[in-house]
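Undergrad: Just so it is clear, I am handing over upload_10.txt, which has compact mmCIF, C-alpha atoms.
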# COMPACT_ATOMS: atom_id res chain seq x y z
CA MET A 10 0.00 0.00 0.00
CA GLY A 11 1.45 3.37 -1.03
CA GLY A 12 1.50 6.40 1.24
CA ARG A 13 1.90 10.15 0.87
CA ALA A 14 5.46 11.44 1.09
CA GLY A 15 6.44 14.44 3.21
CA TRP A 16 6.93 15.27 6.89
CA PHE A 17 5.12 13.36 9.63
CA GLN A 18 4.80 13.76 13.38
CA SER A 19 4.04 11.33 16.19
CA GLY A 20 3.48 12.18 19.84
CA PHE A 21 2.35 15.56 21.16
CA ARG A 22 1.00 18.06 18.60
CA PHE A 23 1.45 21.79 19.07
CA GLY A 24 -2.00 23.36 19.17
CA ALA A 25 -3.65 20.28 20.68
CA ALA A 26 -6.05 21.08 23.50
CA GLU A 27 -4.51 18.44 25.78
CA LEU A 28 -1.44 16.21 25.96
CA GLU A 29 -3.21 13.25 24.39
CA PRO A 30 -1.21 10.32 22.99
CA GLU A 31 -0.86 10.15 19.21
CA PRO A 32 0.96 6.83 18.80
CA GLU A 33 0.98 6.61 14.99
CA PRO A 34 2.66 9.11 12.64
CA GLU A 35 0.40 11.63 10.90
CA PRO A 36 1.22 14.22 8.19
CA LEU A 37 2.69 17.41 9.62
CA PRO A 38 0.53 20.53 9.08
CA VAL A 39 2.93 23.13 7.72
CA GLY A 40 2.41 26.87 7.97
CA ALA A 41 5.59 27.78 6.11
CA SER A 42 5.99 28.36 2.38
CA GLY A 43 8.01 26.05 0.18
CA PRO A 44 9.24 22.50 0.85
CA VAL A 45 10.16 21.86 4.47
CA VAL A 46 13.89 21.36 5.03
CA THR A 47 13.74 20.48 8.73
CA VAL A 48 11.84 21.03 11.98
CA ARG A 49 13.43 22.51 15.11
CA PRO A 50 11.36 21.94 18.28
CA SER A 51 11.58 23.29 21.82
CA TRP A 52 9.27 22.59 24.76
CA SER A 53 6.61 25.22 24.05
CA PHE A 54 7.21 26.21 20.42
CA VAL A 55 8.62 24.81 17.19
CA ALA A 56 10.38 26.22 14.13
CA THR A 57 9.70 25.04 10.57
CA VAL A 58 12.63 25.66 8.23
CA ALA A 59 11.53 26.04 4.59
CA ASP A 60 12.08 29.03 2.29
CA GLY A 61 12.16 30.92 5.60
CA VAL A 62 12.01 30.06 9.29
CA THR A 63 8.54 30.15 10.87
CA LEU A 64 7.82 29.82 14.60
CA GLN A 65 4.62 28.21 15.93
CA GLY A 66 3.36 27.65 19.46
CA ALA A 67 4.09 29.91 22.44
CA VAL A 68 6.34 32.04 20.17
CA GLN A 69 4.94 32.78 16.72
CA GLY A 70 5.96 34.55 13.54
CA ALA A 71 8.55 34.50 10.77
CA LEU A 72 12.23 35.17 11.48
CA PRO A 73 14.10 37.61 9.19
CA LEU A 74 14.59 36.29 5.66
CA ASP A 75 18.37 35.91 6.03
CA CYS A 76 17.88 33.29 8.79
CA LEU A 77 18.68 29.87 7.28
CA ASP A 78 18.45 27.59 10.32
CA VAL A 79 17.78 27.80 14.05
CA LEU A 80 18.13 25.84 17.28
CA LEU A 81 15.61 26.57 20.05
CA SER A 82 15.44 26.51 23.82
CA GLU A 83 12.96 28.16 26.17
CA THR A 84 15.42 31.02 26.78
CA HIS A 85 17.33 31.52 23.53
CA LEU A 86 17.35 31.05 19.75
CA LEU A 87 20.60 30.18 18.03
CA VAL A 88 20.35 31.35 14.42
CA ARG A 89 22.51 30.64 11.37
CA ARG A 90 22.33 33.59 9.00
CA SER A 91 23.17 33.85 5.31
CA GLU A 92 26.33 35.88 6.03
CA ALA A 93 27.98 32.72 7.49
CA VAL A 94 27.36 33.96 11.03
CA LEU A 95 25.87 32.23 14.07
CA GLU A 96 23.95 34.42 16.52
CA ALA A 97 22.26 33.76 19.85
CA TRP A 98 19.17 35.83 20.76
CA GLU A 99 16.94 35.88 23.80
CA VAL A 100 13.50 34.41 23.07
CA GLY A 101 11.88 37.78 23.77
CA SER A 102 13.65 39.18 20.67
CA ALA A 103 11.74 36.81 18.35
CA PRO A 104 10.49 36.92 15.71
CA GLY A 105 12.00 40.24 14.57
CA LEU A 106 15.45 39.83 16.20
CA ASP A 107 15.78 43.56 16.72
CA GLY A 108 18.78 44.95 18.57
CA LYS A 109 22.03 43.05 19.22
CA PRO A 110 22.55 39.30 19.73
CA VAL A 111 23.89 38.10 23.07
CA TRP A 112 26.52 35.94 21.31
CA GLN A 113 27.99 35.76 17.83
CA GLN A 114 30.46 33.59 15.94
CA GLU A 115 31.60 33.73 12.34
CA LEU A 116 31.84 30.51 10.31
CA PRO A 117 34.33 29.70 7.56
CA ARG A 118 32.36 30.22 4.37
CA ASP A 119 33.39 26.85 2.96
CA GLU A 120 31.93 25.16 6.08
CA ALA A 121 28.93 27.42 6.69
CA ASP A 122 26.45 24.73 5.62
CA THR A 123 27.52 22.16 8.25
CA ALA A 124 24.44 20.59 9.83
CA LEU A 125 23.79 22.07 13.26
CA PRO A 126 24.70 21.51 16.05
CA LEU A 127 28.11 20.57 14.58
CA VAL A 128 30.30 23.53 13.59
CA PRO A 129 34.03 23.72 12.84
CA GLY A 130 35.92 22.88 16.01
CA GLY A 131 32.96 21.76 18.11
CA TYR A 132 29.22 22.12 18.46
CA VAL A 133 26.66 24.75 19.43
CA PHE A 134 23.52 24.77 21.58
CA PRO A 135 20.84 27.41 22.33
CA TRP A 136 21.80 28.32 25.90
CA PRO A 137 24.94 29.90 27.42
CA PRO A 138 27.84 29.51 26.70
CA PHE A 139 26.45 28.48 23.24
CA PHE A 140 29.63 26.69 22.03
CA ALA A 141 31.74 23.78 23.24
CA PRO A 142 34.83 22.29 21.56
CA LEU A 143 35.26 18.69 20.45
CA PRO A 144 38.61 16.88 20.34
CA ALA A 145 40.15 17.24 16.87
CA SER A 146 40.67 13.46 16.73
CA LEU A 147 36.97 12.71 17.33
CA ARG A 148 35.54 11.46 14.04
CA VAL A 149 31.96 12.69 14.27
CA GLN A 150 29.54 12.52 11.35
CA LYS A 151 26.38 13.61 13.22
CA LEU A 152 25.62 14.70 16.80
CA ALA A 153 22.22 15.09 18.47
CA LEU A 154 21.67 16.57 21.94
CA GLY A 155 18.72 15.50 24.06
CA HIS A 156 17.62 16.98 27.36
CA GLU A 157 19.84 14.65 29.38
CA HIS A 158 21.62 12.48 26.81
CA ALA A 159 23.51 12.58 23.52
CA VAL A 160 23.53 10.45 20.36
CA LEU A 161 26.61 10.40 18.15
CA LEU A 162 27.11 8.92 14.70
CA ASP A 163 30.73 8.20 13.83
CA ALA A 164 32.37 8.38 10.42
CA TRP A 165 31.48 4.74 9.65
CA GLY A 166 27.80 4.86 10.60
CA ALA A 167 28.16 3.35 14.10
CA LEU A 168 25.89 4.73 16.82
CA PHE A 169 27.07 5.77 20.30
CA THR A 170 25.02 7.17 23.20
CA TRP A 171 25.73 8.46 26.70
CA GLY A 172 24.17 10.51 29.49
CA SER A 173 21.02 9.69 31.45
CA SER A 174 19.03 6.56 30.60
CA ARG A 175 16.18 6.79 33.11
CA HIS A 176 13.67 6.22 30.28
CA GLY A 177 15.86 3.86 28.25
CA GLN A 178 16.88 6.60 25.83
CA LEU A 179 20.45 5.29 25.51
CA GLY A 180 19.22 2.05 23.93
CA HIS A 181 21.50 -0.32 25.83
CA GLY A 182 18.74 -2.53 27.23
CA ASP A 183 18.87 -1.01 30.73
CA LEU A 184 18.36 2.23 32.64
CA GLU A 185 22.03 2.76 33.57
CA SER A 186 23.50 6.20 32.88
CA LEU A 187 26.88 6.54 31.15
CA VAL A 188 29.53 9.27 31.37
CA GLU A 189 31.26 8.30 28.12
CA PRO A 190 30.07 7.12 24.71
CA GLN A 191 29.09 3.47 24.34
CA ARG A 192 28.18 1.74 21.09
CA VAL A 193 24.52 0.71 20.78
CA GLU A 194 25.06 -3.03 20.36
CA ALA A 195 21.48 -3.71 19.21
CA LEU A 196 22.39 -1.85 15.98
CA HIS A 197 25.92 -3.25 15.61
CA GLY A 198 26.70 -4.00 11.96
CA LEU A 199 23.79 -1.88 10.70
CA PRO A 200 25.24 1.44 9.45
CA MET A 201 23.13 4.51 10.17
CA GLY A 202 22.82 7.76 8.26
CA GLU A 203 20.85 10.07 10.59
CA VAL A 204 20.41 10.41 14.37
CA ALA A 205 18.11 12.41 16.64
CA ALA A 206 17.68 12.96 20.39
CA GLY A 207 14.62 14.35 22.15
CA GLY A 208 13.54 14.98 25.71
CA TRP A 209 13.94 11.34 26.77
CA HIS A 210 13.83 9.40 23.50
CA SER A 211 16.12 8.78 20.52
CA ALA A 212 15.89 7.86 16.85
CA CYS A 213 18.08 6.88 13.93
CA ILE A 214 17.72 6.01 10.23
CA SER A 215 19.52 3.12 8.55
CA GLY A 216 21.19 3.33 5.17
CA ALA A 217 18.17 1.44 3.79
CA GLY A 218 15.76 4.17 4.99
CA ASP A 219 14.33 2.33 8.01
CA LEU A 220 13.48 4.32 11.15
CA TYR A 221 14.38 3.03 14.63
CA THR A 222 13.21 4.65 17.86
CA TRP A 223 13.60 3.97 21.59
CA GLY A 224 13.23 5.60 25.01
CA TRP A 225 10.20 7.34 26.52
CA GLY A 226 6.96 6.60 24.65
CA LYS A 227 4.18 8.00 26.86
CA TYR A 228 2.69 10.23 24.12
CA GLY A 229 3.27 7.85 21.23
CA GLN A 230 6.42 9.68 20.14
CA LEU A 231 8.14 6.39 19.25
CA GLY A 232 5.63 5.77 16.44
CA HIS A 233 4.94 2.10 17.25
CA ALA A 234 1.13 2.50 17.44
CA ASP A 235 1.25 2.33 21.26
CA THR A 236 2.46 4.41 24.20
CA ALA A 237 5.00 1.91 25.55
CA SER A 238 8.60 2.89 26.26
CA SER A 239 11.56 0.84 25.07
CA ASP A 240 15.14 0.55 26.33
CA GLN A 241 16.34 -0.85 22.97
CA PRO A 242 15.92 0.35 19.38
CA LYS A 243 12.80 -0.90 17.58
CA LYS A 244 12.03 -0.54 13.88
CA VAL A 245 9.00 1.67 13.06
CA HIS A 246 6.87 -0.32 10.59
CA TYR A 247 4.46 2.51 9.67
CA PHE A 248 6.58 3.84 6.79
CA MET A 249 7.73 0.48 5.44
CA GLU A 250 4.11 -0.71 5.27
CA ARG A 251 3.24 2.31 3.10
CA GLY A 252 6.16 2.00 0.70
CA LEU A 253 7.96 5.00 2.19
CA CYS A 254 11.67 5.49 2.78
CA VAL A 255 12.65 7.64 5.77
CA VAL A 256 15.33 10.24 4.99
CA ASP A 257 15.32 12.58 8.00
CA VAL A 258 14.23 12.56 11.65
CA VAL A 259 14.08 15.17 14.42
CA CYS A 260 13.08 14.50 18.04
CA GLY A 261 11.40 17.10 20.20
CA PRO A 262 10.70 16.84 23.95
CA TRP A 263 7.68 14.58 23.36
CA THR A 264 7.31 14.50 19.58
CA THR A 265 9.11 12.84 16.67
CA TYR A 266 9.19 14.55 13.25
CA THR A 267 10.01 12.33 10.27
CA CYS A 268 10.57 13.06 6.58
CA ALA A 269 9.75 10.19 4.22
CA ILE A 270 9.75 9.77 0.44
CA GLN A 271 8.35 7.17 -1.92
CA ASN A 272 10.62 4.15 -2.27
CA PRO A 273 12.37 4.36 -5.66
CA PRO A 274 11.77 1.51 -8.09
CA ALA A 275 14.26 -1.35 -8.14
CA GLY A 276 17.46 -0.17 -9.78
CA GLY A 277 16.27 3.45 -9.75
CA SER A 278 16.77 6.39 -7.45
CA SER A 279 14.63 9.14 -6.00
CA SER A 280 15.25 12.73 -7.06
CA LEU A 281 13.63 14.11 -3.90
CA ARG A 282 16.04 15.25 -1.19
CA PRO A 283 19.09 13.45 -2.65
CA GLU A 284 21.30 14.99 0.05
CA HIS A 285 19.81 12.46 2.46
CA SER A 286 21.02 9.39 0.60
CA CYS A 287 23.02 7.21 2.97
CA PRO A 288 26.01 5.51 1.31
CA MET A 289 27.38 2.51 3.15
CA PRO A 290 30.27 3.73 5.32
CA GLU A 291 33.72 2.25 4.98
CA SER A 292 35.00 -0.09 7.67
CA PRO A 293 36.91 1.63 10.50
CA PRO A 294 40.67 1.29 10.42
CA ARG A 295 42.40 -1.31 12.54
CA GLY A 296 44.86 -0.28 15.20
CA PRO A 297 45.00 1.15 18.72
CA GLN A 298 42.37 3.81 18.10
CA GLY A 299 38.71 3.19 18.86
CA SER A 300 36.05 3.83 16.25
CA LEU A 301 35.44 7.34 17.59
CA GLY A 302 38.94 8.26 16.46
CA HIS A 303 40.73 8.59 19.81
CA SER A 304 42.46 6.11 22.07
CA GLN A 305 39.90 4.49 24.35
CA ALA A 306 42.62 4.02 26.94
CA SER A 307 44.10 7.51 27.02
CA GLY A 308 41.57 9.74 25.30
CA ALA A 309 39.45 11.98 27.51
CA PRO A 310 35.86 10.70 27.62
CA LEU A 311 32.94 13.06 27.20
CA ALA A 312 30.77 13.75 30.22
CA PRO A 313 27.54 15.68 30.93
CA ALA A 314 27.51 19.03 32.64
CA SER A 315 25.02 19.26 35.51
CA ASN A 316 23.19 22.35 34.25
CA GLY A 317 19.80 20.86 33.35
CA HIS A 318 20.75 20.64 29.68
CA CYS A 319 22.78 18.11 27.75
CA GLN A 320 26.06 19.95 27.28
CA TRP A 321 29.23 17.86 26.90
CA ASN A 322 32.77 18.68 27.89
CA THR A 323 36.00 16.72 28.11
CA LEU A 324 37.00 15.45 31.53
CA PRO A 325 40.35 16.62 32.94
Represent the structure of the file as structure tokens.
TA:
Amino acid sequence: MGGRAGWFQSGFRFGAAELEPEPEPEPLPVGASGPVVTVRPSWSFVATVADGVTLQGAVQGALPLDCLDVLLSETHLLVRRSEAVLEAWEVGSAPGLDGKPVWQQELPRDEADTALPLVPGGYVFPWPPFFAPLPASLRVQKLALGHEHAVLLDAWGALFTWGSSRHGQLGHGDLESLVEPQRVEALHGLPMGEVAAGGWHSACISGAGDLYTWGWGKYGQLGHADTASSDQPKKVHYFMERGLCVVDVVCGPWTTYTCAIQNPPAGGSSSLRPEHSCPMPESPPRGPQGSLGHSQASGAPLAPASNGHCQWNTLP
């Protein structure tokens, strides 16, 4: 059975009268113009990135036209502008962003399109101090920051998680927290192309376009047609049953946003969103280094800061 391509959401819907479970993905109502590039959620409002950036929920309106992407928190917006500049603004400045930003950082123009939160030399987040460095030897392809945990995709498509696991969001089959990255063994040997982290749940997409989710499921945000939580990754069958291939995923506090396209015919390819194709990664090199690119024996592990957000720094 074929299904309609586009963006979908499961879990809590902004604008819903109550926090009622929505355990199966439904098409995302879009108020922005043009094809949706991504969705950037916070707790009380969400941004839709299309031809422009539109805010919906507790904060509403369109950001200035030179805003290309944004990360949200309840206190700040971190905006990437067309002049290859990152800026942090207090939420009260939205949507017009009048005045001066509270933080600013220029990006090298040849790396200005790097997918947030990764930026040259580290990663950014929408609360002070807004930037943290990553070790130069750390081979990171994608990074997603949840409320109390992180999900990292290495250069070969292997998935690592760490932080709090009180709702099973690390995917290791238990509720034990971790202070340094650990490979998600349930997905070992299955290269991934995209990762996402929400309030207390996580998601990833395989190179074949299959969506896996795990963690807190109270509002149906895992997309398994129920409200159960899971401490290990589970494949979401909704898209596969409708002949859809998942190409992007974003997790909010209690919502999962998914972009899916029609499966291309055998031997063919889809022309929609080709930047999300997931080539099979090469095998990691052999030797003393771990797959994250630093020595597991002597490299400094990453650990959470106790500030109520998932910010990661190297241990001394």
Undergrad: For each of A:Met201, A:Leu74, A:Leu179, A:Leu95, take the minimum atom-to-atom distance to Ser239 in chain A, counting all atoms listed in the file, then give the residue where this is smallest.
TA: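 Nearest to Ser239 in chain A: A:Leu179.
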Undergrad: Can you tell me which residues surround Asp163 in chain A at a distance of at most 7 Å, considering all atoms listed in the file, apart from same-chain residues fewer than 5 positions away, and format the answer as a VMD selection string?
TA: chain A and resid 148 to 151 168 301
Undergrad: Write out the residues from the selection above, keeping C-alpha atoms, as a PDB file, in the frame of the given file.
TA:
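Output saved as result08.pdb:
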ATOM      1  CA  ARG A 148      35.540  11.460  14.040  1.00  0.00           C
ATOM      2  CA  VAL A 149      31.960  12.690  14.270  1.00  0.00           C
ATOM      3  CA  GLN A 150      29.540  12.520  11.350  1.00  0.00           C
ATOM      4  CA  LYS A 151      26.380  13.610  13.220  1.00  0.00           C
ATOM      5  CA  LEU A 168      25.890   4.730  16.820  1.00  0.00           C
ATOM      6  CA  LEU A 301      35.440   7.340  17.590  1.00  0.00           C
TER       7      LEU A 301
END
Undergrad: Would you please work out which residue, of A:Trp136, A:Trp52, A:Trp225, A:Phe17, is nearest to His85 in chain A when using all atoms listed in the file?
TA: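 Nearest to His85 in chain A: A:Trp136.
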Undergrad: Given the choices A:Gly218, A:Gly229, A:Gly166, A:Gly105, which gets closest to Phe248 in chain A if the distance is worked out from only C-alpha atoms?
TA: A:Gly218
Undergrad: From the list A:Ala93, A:Leu37, A:His158, A:His181, which residue is nearest Val128 in chain A when using all atoms listed in the file?
TA: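 Closest residue, counting all atoms listed in the file: A:Ala93.
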Undergrad: With distances taken over all atoms listed in the file, which residue among A:Asp257, A:Ala153, A:Tyr266, A:Tyr228 lies nearest Gly202 in chain A?
TA: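 Ranked by minimum distance to Gly202 in chain A, first place goes to A:Asp257.
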